[in-house]
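Participant: Got a structure here, written out as structure tokens. Questions coming.
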Amino acid sequence: MKTSAFHLATQREVPADAEIVSHQLMLRTGMIRKLTSGIYTWTPLGLKVLRKVEQVVREEMDRSGSLEMLMPSVQPAELWQESGRWDDFGPLLLKMADRAGREFAFGPTHEEVITEFARAEIRSYKQLPICFYQIQTKFRDEIRPRFGVMRAREFLMKDGYSFHMDEACLGRFYQVMFDTYTRIFERLGLEFKAVEADSGAIGGAVSHEFHVLADSGEDQIAHVPGSRYAANVERAEAVAEGEANAPQENLQLVDTPDARTIADLVKQFDVPIEKTIKTLVVEASRSSGQALVALLLRGDHELNAVKAEKHPDVASPLRMATEEEIRDAIGAGPGSLGPFRLPIPCIADRQVALMSDFAAGANSDGQHYFGLNWGRDVALPRTADLRNVVAGDPAPDGSGALELLRGIEVGHIFQLGRKYSEAMNAVVMDENGRAVHPAMGCYGIGVSRIVAAAIEQNHDDNGIIWPEPMAPFDIMILPLNGHKSHRVRELAEKFYGELRAAGREVLLEDRNLRAGVMFADAELIGLPHQLVIGDRGLDKGVVEYRRRGGESREIAIDDAVGILTVD
RNA sequence: CGGGGUGUAGCGCAGCCUGGUAGCGCAACUGCUUUGGGAGCAGUAGGUCGCAGGUUCAAAUCCUGCCACCCCGACCA
């Protein structure tokens, strides 16, 4: 491809509403253009990248024995009413009506459609196991789309669904998918990590997420370097460390008029933060028979909402009590709460149970207790895992100390079980002629998100540094002053022809740009290999080879094509 | 949906407070010069100032309503 004939629409200035670097670079390179909030056009340049990702995904899914198909993006409401998700999915569903007033949704995922398909097509255990997948445009009416295609409303996703007679078979295929995903991200040249995950709203027991590692990632991952343990922080079990010590200090009530937060307390009273307890009041579950419940955490720890709302006595979704509710129930404001003489039930984090001689609010405004101890002063409440793990915590499997990484979720695999096959009554006949509900797995990859994540992981101040398997072209030829110098132009054309004949995808810069503009554009677009041809080099019989983000050296003219066609 | 913010040329912005001629940089187009790291000079073109209503002799500017977009929070590939 020649740049003069390609729609290369690079921009020098950073668009004002692009917050993260991948979004900025995708706009500046002209890979995408926003049509409206969360909805983007992929330009020829962007689409080339998207297709490369898609193709790797397709090849590896095919290799796994999964069968590609294409389901409709518009789905009838009845199907969603049948699974119960017409309402459950709520505002995330983009709903519409046809001329007859019949309701439809633009598919945010395809469990209903595939289950409907399977119940019609799959009748016998002899047809199982089987896995169907598609690469399809989805629409989720996200409350707040952001970061370009990273969290768009319309996006491209690979979704796969497998059907099995029993859990053992599902478990085996799940492992095949795990390995397939690993191959996909390896082939794409991305640094990634597979982690244990919370299965969230989709349901099911076993679940793993695949994250592209990047400092700007929205998810936190806990892992032990060199061990197999890795989990999303949402899920990573926090193990209490150390043992309970006997009381050393006497209980004392202290006036703390200016200490409304743990930070104030630490600063004003010179108490180590590890010796403080914070008390968070949240709405209690209906089944607990209470209105509110207090959660106790060590001062430097953070509440994990996913864990908290799984507790039977905590309302789900989690809701923090208002100041008014707290005052009504306890008689003190949120800055002065603690377990001592607390009039509402409480649950302590596991680590809290091991604390001694600690400080906490006195349930009276402007007062705290110091030197509190379990047993002696307050009965130890029920304990639970309520907090986020922090770096240095022991891993739950005993493999070592946790480190935290940031990641972008690009893949998620689930063992769904029979949730959908039962809800929608998909059955197959087993060997004994009995109708059974098949077990299902579901496997997603955010294809368009991968493009943004790859940029997030691979860029510098000058632009994108494409991993070779995702690059829109392999090689960029940069003829300097080509419109004046015949020999530069001719050599550029010669390389262009020969490299293309050798199967490389080549972009020839033939727009007669100044050197600076040409280099700046080439680096912005970020193709892995650049070949710079100039009169200065030709006098010496050389051209310049540059690896984007790496080396730069002069090579003999006759060696150039050979060097660039070695894999 | 709650909180905050912004809508002026393709992109980035000024002008608004204190009403009166719509402006700057980049990009685009033409010509000449320049040409190994985002050139110079000269010229050209491009605007329902988000939309609707109101106040006024006069509205980008003041008032009211609406819409869109962005940021922070709860959700997700």
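Chain labels run A, B, ... following the order of the structure tokens; each chain numbers its residues from 1, and ligands are numbered from 1 in the order shown.
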Could you work out which residues of chain A fall inside 8 Å of chain B? Count only C-alpha atoms (C1' of nucleotides), and format the result as a list in words.
Facilitator: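 Close to chain B, chain A has Gln11, Arg12, Glu13, Val14, Pro15, Ala16, Asp17, Ser37, Glu142, Ile143, Met157, Glu409, Val410, Gly411, His412, Gly444, Ile445, Gly446, Val447, Arg449, Leu480, Asn481, Arg514, Ala515, Gly516, Val517, Phe519, Ala520 and Gly534 of chain A.
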Participant: If you count only C-alpha atoms (C1' of nucleotides), which residues fall within 12 Å of Ile20 in chain A, apart from same-chain ones fewer than 4 positions away, as a PyMOL selection string?
Facilitator: chain A and resi 14-16+24-27+146-151+214-218+452-453+455-457+459
Participant: What does the structure give for the distance between CA of Val506 in chain A and CA of Phe6 in chain A, in Å to one decimal?
Facilitator: 12.0 Å
Participant: If you run DSSP on this backbone, which residues of range 284-422 of chain A come out as strand (DSSP E or B), and could you give them as number ranges by chain?
Facilitator: A: 284, 292-298, 303, 314, 320, 346-349, 356-361, 367-374, 378, 382-384, 387, 394, 401, 403-417
Participant: Write a file of the just-selected residues containing N, CA and C atoms, as a short mmCIF file (atom, residue, chain, number, x, y, z; two decimals), in the first residue's frame.
Facilitator:
data_model
loop_
_atom_site.label_atom_id
_atom_site.label_comp_id
_atom_site.auth_asym_id
_atom_site.auth_seq_id
_atom_site.Cartn_x
_atom_site.Cartn_y
_atom_site.Cartn_z
N ALA A 284 -27.83 -3.89 56.12
CA ALA A 284 -27.83 -5.33 56.40
C ALA A 284 -28.81 -6.02 55.46
N LEU A 292 -28.95 -2.39 59.89
CA LEU A 292 -27.56 -2.03 59.59
C LEU A 292 -26.62 -3.06 60.20
N VAL A 293 -25.44 -3.14 59.60
CA VAL A 293 -24.41 -3.99 60.17
C VAL A 293 -23.07 -3.25 60.01
N ALA A 294 -22.20 -3.38 61.03
CA ALA A 294 -20.91 -2.69 60.98
C ALA A 294 -19.84 -3.67 60.53
N LEU A 295 -18.93 -3.18 59.71
CA LEU A 295 -17.81 -3.99 59.24
C LEU A 295 -16.53 -3.38 59.81
N LEU A 296 -15.71 -4.23 60.43
CA LEU A 296 -14.48 -3.73 61.07
C LEU A 296 -13.27 -4.11 60.23
N LEU A 297 -12.47 -3.10 59.95
CA LEU A 297 -11.25 -3.34 59.18
C LEU A 297 -10.09 -2.66 59.87
N ARG A 298 -8.89 -3.21 59.69
CA ARG A 298 -7.72 -2.52 60.19
C ARG A 298 -7.59 -1.20 59.44
N LEU A 303 -11.98 -1.96 52.26
CA LEU A 303 -13.12 -2.88 52.15
C LEU A 303 -13.19 -3.45 50.73
N VAL A 314 -25.06 -9.15 54.94
CA VAL A 314 -24.85 -7.86 54.29
C VAL A 314 -25.73 -7.78 53.05
N MET A 320 -23.48 1.77 51.59
CA MET A 320 -22.99 2.38 52.82
C MET A 320 -24.16 3.12 53.47
N CYS A 346 -21.91 -6.56 64.42
CA CYS A 346 -20.76 -6.28 63.58
C CYS A 346 -20.04 -7.54 63.15
N ILE A 347 -19.27 -7.37 62.07
CA ILE A 347 -18.48 -8.45 61.50
C ILE A 347 -17.06 -7.91 61.37
N ALA A 348 -16.09 -8.68 61.87
CA ALA A 348 -14.71 -8.21 61.82
C ALA A 348 -13.96 -8.92 60.69
N ASP A 349 -13.09 -8.18 60.05
CA ASP A 349 -12.18 -8.81 59.10
C ASP A 349 -11.29 -9.77 59.88
N SER A 356 -4.36 -6.34 68.85
CA SER A 356 -4.40 -6.07 70.30
C SER A 356 -3.98 -4.63 70.55
N ASP A 357 -4.38 -4.11 71.67
CA ASP A 357 -4.01 -2.74 72.06
C ASP A 357 -4.32 -1.73 70.96
N PHE A 358 -5.50 -1.85 70.39
CA PHE A 358 -5.81 -1.00 69.23
C PHE A 358 -6.67 0.20 69.62
N ALA A 359 -6.74 1.14 68.67
CA ALA A 359 -7.54 2.35 68.87
C ALA A 359 -8.76 2.28 67.97
N ALA A 360 -9.89 2.76 68.46
CA ALA A 360 -11.11 2.80 67.66
C ALA A 360 -12.04 3.85 68.25
N GLY A 361 -13.01 4.26 67.45
CA GLY A 361 -13.97 5.25 67.91
C GLY A 361 -14.76 4.76 69.11
N GLN A 367 -14.61 11.26 70.50
CA GLN A 367 -13.91 10.42 71.48
C GLN A 367 -13.47 9.10 70.87
N HIS A 368 -12.30 8.65 71.24
CA HIS A 368 -11.80 7.33 70.82
C HIS A 368 -11.29 6.58 72.04
N TYR A 369 -11.31 5.26 71.92
CA TYR A 369 -10.64 4.42 72.91
C TYR A 369 -9.27 4.03 72.40
N PHE A 370 -8.32 4.01 73.27
CA PHE A 370 -7.00 3.47 72.98
C PHE A 370 -6.79 2.27 73.87
N GLY A 371 -5.92 1.36 73.44
CA GLY A 371 -5.60 0.19 74.26
C GLY A 371 -6.75 -0.81 74.36
N LEU A 372 -7.58 -0.86 73.32
CA LEU A 372 -8.67 -1.84 73.31
C LEU A 372 -8.13 -3.24 73.04
N ASN A 373 -8.78 -4.23 73.64
CA ASN A 373 -8.38 -5.61 73.39
C ASN A 373 -9.61 -6.50 73.32
N TRP A 374 -9.54 -7.48 72.40
CA TRP A 374 -10.61 -8.47 72.30
C TRP A 374 -10.59 -9.34 73.56
N VAL A 378 -13.91 -6.20 74.80
CA VAL A 378 -15.01 -6.41 73.86
C VAL A 378 -14.97 -7.87 73.43
N ARG A 382 -18.05 -11.99 65.09
CA ARG A 382 -17.85 -12.93 63.98
C ARG A 382 -16.78 -12.38 63.04
N THR A 383 -16.05 -13.27 62.40
CA THR A 383 -15.04 -12.78 61.46
C THR A 383 -15.36 -13.28 60.05
N ALA A 384 -14.81 -12.55 59.07
CA ALA A 384 -14.98 -12.93 57.67
C ALA A 384 -13.86 -12.26 56.89
N ARG A 387 -11.60 -7.76 53.29
CA ARG A 387 -10.75 -6.69 52.79
C ARG A 387 -10.06 -7.07 51.47
N PRO A 394 0.42 -12.86 52.58
CA PRO A 394 0.70 -14.23 52.14
C PRO A 394 -0.38 -14.71 51.16
N ALA A 401 4.68 -14.39 49.06
CA ALA A 401 4.11 -13.07 49.31
C ALA A 401 3.52 -12.50 48.03
N GLU A 403 2.28 -9.96 45.16
CA GLU A 403 2.59 -8.67 44.54
C GLU A 403 1.34 -8.24 43.79
N LEU A 404 1.19 -6.94 43.60
CA LEU A 404 0.02 -6.44 42.88
C LEU A 404 0.43 -5.91 41.51
N LEU A 405 -0.37 -6.23 40.52
CA LEU A 405 -0.16 -5.74 39.16
C LEU A 405 -1.44 -5.09 38.69
N ARG A 406 -1.32 -4.29 37.63
CA ARG A 406 -2.53 -3.74 37.03
C ARG A 406 -2.77 -4.39 35.68
N GLY A 407 -4.02 -4.65 35.38
CA GLY A 407 -4.32 -5.34 34.14
C GLY A 407 -5.60 -4.83 33.48
N ILE A 408 -5.72 -5.15 32.20
CA ILE A 408 -6.92 -4.83 31.43
C ILE A 408 -7.56 -6.16 31.06
N GLU A 409 -8.80 -6.34 31.48
CA GLU A 409 -9.46 -7.61 31.23
C GLU A 409 -9.80 -7.74 29.75
N VAL A 410 -9.23 -8.75 29.09
CA VAL A 410 -9.50 -8.93 27.67
C VAL A 410 -10.15 -10.28 27.38
N GLY A 411 -10.19 -11.15 28.37
CA GLY A 411 -10.82 -12.43 28.14
C GLY A 411 -11.39 -12.95 29.46
N HIS A 412 -12.46 -13.73 29.34
CA HIS A 412 -13.09 -14.27 30.55
C HIS A 412 -13.71 -15.61 30.19
N ILE A 413 -13.35 -16.64 30.92
CA ILE A 413 -13.96 -17.95 30.66
C ILE A 413 -14.70 -18.42 31.91
N PHE A 414 -15.86 -19.03 31.69
CA PHE A 414 -16.73 -19.46 32.78
C PHE A 414 -17.16 -20.91 32.60
N GLN A 415 -17.32 -21.59 33.71
CA GLN A 415 -18.09 -22.84 33.67
C GLN A 415 -19.48 -22.47 34.17
N LEU A 416 -20.42 -22.37 33.24
CA LEU A 416 -21.75 -21.90 33.60
C LEU A 416 -22.58 -22.94 34.30
N GLY A 417 -22.35 -24.20 33.97
CA GLY A 417 -23.23 -25.24 34.49
C GLY A 417 -24.54 -25.25 33.72
#
Participant: Would you pick out the contacts of C24 in chain B at 12 Å or less, using only C-alpha atoms (C1' of nucleotides), so that residues sharing its chain but fewer than 3 positions from it are not included, and give the list as number ranges by chain?
Facilitator: B: 9, 12-15
Participant: Can you write out the residues you just picked, keeping N, CA, C and O atoms (P, O5', C5', C4', C3', O3' and C1' of nucleotides), as a PDB file, in the first residue's frame?
Facilitator:
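Resulting contents of again.pdb:
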ATOM      1  P     A B   9     -16.060  25.678  15.838  1.00  0.00           P
ATOM      2  O5'   A B   9     -15.839  26.199  14.348  1.00  0.00           O
ATOM      3  C5'   A B   9     -16.685  25.758  13.288  1.00  0.00           C
ATOM      4  C4'   A B   9     -15.834  25.408  12.089  1.00  0.00           C
ATOM      5  C3'   A B   9     -14.680  24.456  12.402  1.00  0.00           C
ATOM      6  O3'   A B   9     -14.464  23.604  11.290  1.00  0.00           O
ATOM      7  C1'   A B   9     -13.838  26.480  11.542  1.00  0.00           C
ATOM      8  P     G B  12     -10.529  18.848  19.735  1.00  0.00           P
ATOM      9  O5'   G B  12      -9.364  19.855  20.142  1.00  0.00           O
ATOM     10  C5'   G B  12      -8.136  19.347  20.659  1.00  0.00           C
ATOM     11  C4'   G B  12      -7.206  20.490  20.961  1.00  0.00           C
ATOM     12  C3'   G B  12      -7.787  21.602  21.824  1.00  0.00           C
ATOM     13  O3'   G B  12      -7.793  21.262  23.188  1.00  0.00           O
ATOM     14  C1'   G B  12      -6.636  22.552  19.994  1.00  0.00           C
ATOM     15  P     C B  13      -8.860  21.937  24.140  1.00  0.00           P
ATOM     16  O5'   C B  13      -8.930  23.450  23.631  1.00  0.00           O
ATOM     17  C5'   C B  13      -9.131  24.503  24.517  1.00  0.00           C
ATOM     18  C4'   C B  13      -8.417  25.739  24.020  1.00  0.00           C
ATOM     19  C3'   C B  13      -9.150  27.053  24.286  1.00  0.00           C
ATOM     20  O3'   C B  13      -8.962  27.494  25.620  1.00  0.00           O
ATOM     21  C1'   C B  13      -8.343  27.037  22.072  1.00  0.00           C
ATOM     22  P     A B  14     -10.146  28.262  26.346  1.00  0.00           P
ATOM     23  O5'   A B  14     -10.060  29.700  25.664  1.00  0.00           O
ATOM     24  C5'   A B  14      -8.959  30.536  25.979  1.00  0.00           C
ATOM     25  C4'   A B  14      -8.921  31.787  25.139  1.00  0.00           C
ATOM     26  C3'   A B  14     -10.033  32.817  25.314  1.00  0.00           C
ATOM     27  O3'   A B  14      -9.974  33.485  26.556  1.00  0.00           O
ATOM     28  C1'   A B  14      -9.359  32.706  23.062  1.00  0.00           C
ATOM     29  P     G B  15     -11.300  33.917  27.309  1.00  0.00           P
ATOM     30  O5'   G B  15     -11.988  34.862  26.229  1.00  0.00           O
ATOM     31  C5'   G B  15     -11.462  36.154  25.942  1.00  0.00           C
ATOM     32  C4'   G B  15     -12.264  36.786  24.840  1.00  0.00           C
ATOM     33  C3'   G B  15     -13.728  37.066  25.171  1.00  0.00           C
ATOM     34  O3'   G B  15     -13.862  38.325  25.800  1.00  0.00           O
ATOM     35  C1'   G B  15     -13.556  36.024  23.032  1.00  0.00           C
TER      36        G B  15
END
Participant: Got a sec: who's within 12 Å of Arg500 in chain A, counting only C-alpha atoms (C1' of nucleotides), leaving out chain neighbours fewer than 4 positions off, as a list in words?
Facilitator: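 Residues meeting the cut-off are Met1, Lys2, Phe473, Asp474, Ile475, Met476, Ile477, Glu493, Lys494, Phe495, Tyr496, Arg504, Glu505, Val506, Leu507, Leu508, Val561, Leu564 and Thr565 of chain A.
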Participant: Residues near Pro469 in chain A, anyone? I mean within 10 Å using only C-alpha atoms (C1' of nucleotides), not counting same-chain ones fewer than 5 positions away, as a VMD selection string.
Facilitator: chain A and resid 49 52 to 53 56 187 to 190 474 528
Participant: Do a neighbour search on C49 in chain B at 9 Å with only C-alpha atoms (C1' of nucleotides), toss out local chain neighbours closer than 6 positions, and write the hits as a list in words.
Facilitator: U8, A22 and A60 of chain B
Participant: How far is it from CA of Gln127 in chain A to CA of Asp179 in chain A, in Å with one decimal?
Facilitator: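 Atom-to-atom, CA of Gln127 in chain A to CA of Asp179 in chain A, that is 23.2 Å.
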